[in-house]
Amino acid sequence: MPHVLVLNASYEPLGVVSMRRALILVLSHKAVCLEDSGITLHSATSAVPAPSVVRLTRFVRVPYRGPVPLTRRALFARDHGRCVYCGAAATSVDHVIPRSRGGQHRWDNVVAACRRCNHTKADRHLTELGWRMKHPPAAPSGLAWRVIGTGIKDPRWRPYLEPYGGLDQLHQQLSGFEHHDHTDTGGVLPGPHGRSRPIRRGEQPEPLSA
Ligand SMILES: [Zn+2]
């Protein structure tokens, strides 16, 4: 059963709920449906179009929820599914300052990496290897990350999430959604245009003969 994006009355994204929960919100008039999922749910007496996006009818004040949770899925989304050192498909999580040398498991010290770079780097500092990154890693920001971090995605959500940050990553995740043959490759998110996508931060250009 697909999930449903819930927006505040102000249209800010609040999160993702189950279809059942969303239907209860709509049927109890606590939310209105903004987008249909294209699925129709049948009961004994009626047929109800299942929502894909709902908006609460009353504004809910949401307390500050702290930083975006650091998960493998969210990290790979932040780094576009690519190794920040060489641009290859990322398969592992690297601690920039190795944990064995006091590095912490925090957004500003973790990056997506390919197995080869991770293995080569081992427990060394970047300066010891002569490696560098174009940008230091940082925690993602923007309300859309509450949804991007869940990894649950639906192309119908795009216009509702785009104004709230994480646009590149969102586009990438949604591209993955639209091309099922590329999804679920161990959390690696494909580029939106295959090999021809632009070089992103921290990447080296791929040789043309690759
Ligand atoms: Zn690499």
# chains A, B, ... in the order shown; residues from 1 in each chain; ligands from 1
>>> residues_near_ligand(ligand="ligand 1", cutoff="10 Å", atoms="only C-alpha atoms and all ligand atoms", output="VMD selection string")
chain A and resid 82 to 92 112 to 121 203 to 204
>>> select_by_dssp(residues="segment 9-162 of chain A", states="strand (DSSP E or B)", output="PyMOL selection string")
chain A and resi 13-18+31-42+47-56+82+89+92-95+110-113
>>> residues_around(residues="Tyr11 of chain A", least_positions_apart="5", cutoff="10 Å", atoms="only C-alpha atoms", output="count of residues only")
9
>>> atom_distance(atom1="atom CA of His42 of chain A", atom2="atom CA of Val17 of chain A")
19.9 Å
>>> atom_distance(atom1="atom CA of Arg20 of chain A", atom2="atom CA of Phe76 of chain A")
29.4 Å
>>> closest_residue(among="A:Lys30, A:His125, A:Lys134, A:His3", to="Gly151 of chain A", atoms="only C-alpha atoms")
A:His3
>>> residues_around(residues="segment 71-73 of chain A", least_positions_apart="2", cutoff="7 Å", atoms="only C-alpha atoms", output="PyMOL selection string")
chain A and resi 69+75-77+149+151+187
>>> write_last_selection(atoms="C-alpha atoms", output="mmCIF file, in the first residue's frame")
data_model
loop_
_atom_site.group_PDB
_atom_site.id
_atom_site.type_symbol
_atom_site.label_atom_id
_atom_site.label_comp_id
_atom_site.auth_asym_id
_atom_site.auth_seq_id
_atom_site.Cartn_x
_atom_site.Cartn_y
_atom_site.Cartn_z
ATOM 1 C CA PRO A 69 18.360 11.895 11.258
ATOM 2 C CA LEU A 75 23.442 10.209 3.563
ATOM 3 C CA PHE A 76 23.454 8.592 0.114
ATOM 4 C CA ALA A 77 20.732 11.019 -0.963
ATOM 5 C CA GLY A 149 15.221 10.895 4.504
ATOM 6 C CA GLY A 151 13.334 7.074 1.199
ATOM 7 C CA GLY A 187 20.761 2.191 -1.729
#
>>> residues_around(residues="Gly38 of chain A", least_positions_apart="4", cutoff="10 Å", atoms="only C-alpha atoms", output="list in words")
Pro49, Ala50, Pro51 and Ser52 of chain A
>>> write_last_selection(atoms="C-alpha atoms", output="compact mmCIF listing (two decimals), in the first residue's frame")
# COMPACT_ATOMS: atom_id res chain seq x y z
CA PRO A 49 -10.09 7.51 -4.40
CA ALA A 50 -6.94 6.92 -2.36
CA PRO A 51 -4.90 10.08 -1.72
CA SER A 52 -1.24 10.61 -2.52
>>> residues_around(residues="Val48 of chain A", least_positions_apart="3", cutoff="12 Å", atoms="only C-alpha atoms", output="short mmCIF file (atom, residue, chain, number, x, y, z; two decimals) with C-alpha atoms, in the first residue's frame")
data_model
loop_
_atom_site.label_atom_id
_atom_site.label_comp_id
_atom_site.auth_asym_id
_atom_site.auth_seq_id
_atom_site.Cartn_x
_atom_site.Cartn_y
_atom_site.Cartn_z
CA MET A 19 -2.67 5.17 3.44
CA ARG A 20 -4.94 3.99 6.24
CA LEU A 23 -7.83 8.07 4.84
CA ILE A 24 -8.84 8.43 8.49
CA VAL A 26 -9.63 12.77 5.25
CA LEU A 27 -12.79 10.94 6.33
CA CYS A 33 -6.89 15.37 -0.45
CA ASP A 36 -5.05 11.29 -5.88
CA SER A 37 -2.83 8.26 -6.04
CA GLY A 38 -4.77 6.84 -8.95
CA ILE A 39 -5.82 3.94 -6.73
CA THR A 40 -9.45 3.41 -5.79
CA LEU A 41 -10.24 1.71 -2.51
CA HIS A 42 -13.48 -0.26 -2.39
CA SER A 43 -15.56 -0.92 0.67
CA ALA A 44 -18.80 -2.86 0.84
CA THR A 45 -20.84 0.21 -0.01
CA PRO A 51 -4.90 10.08 -1.72
#
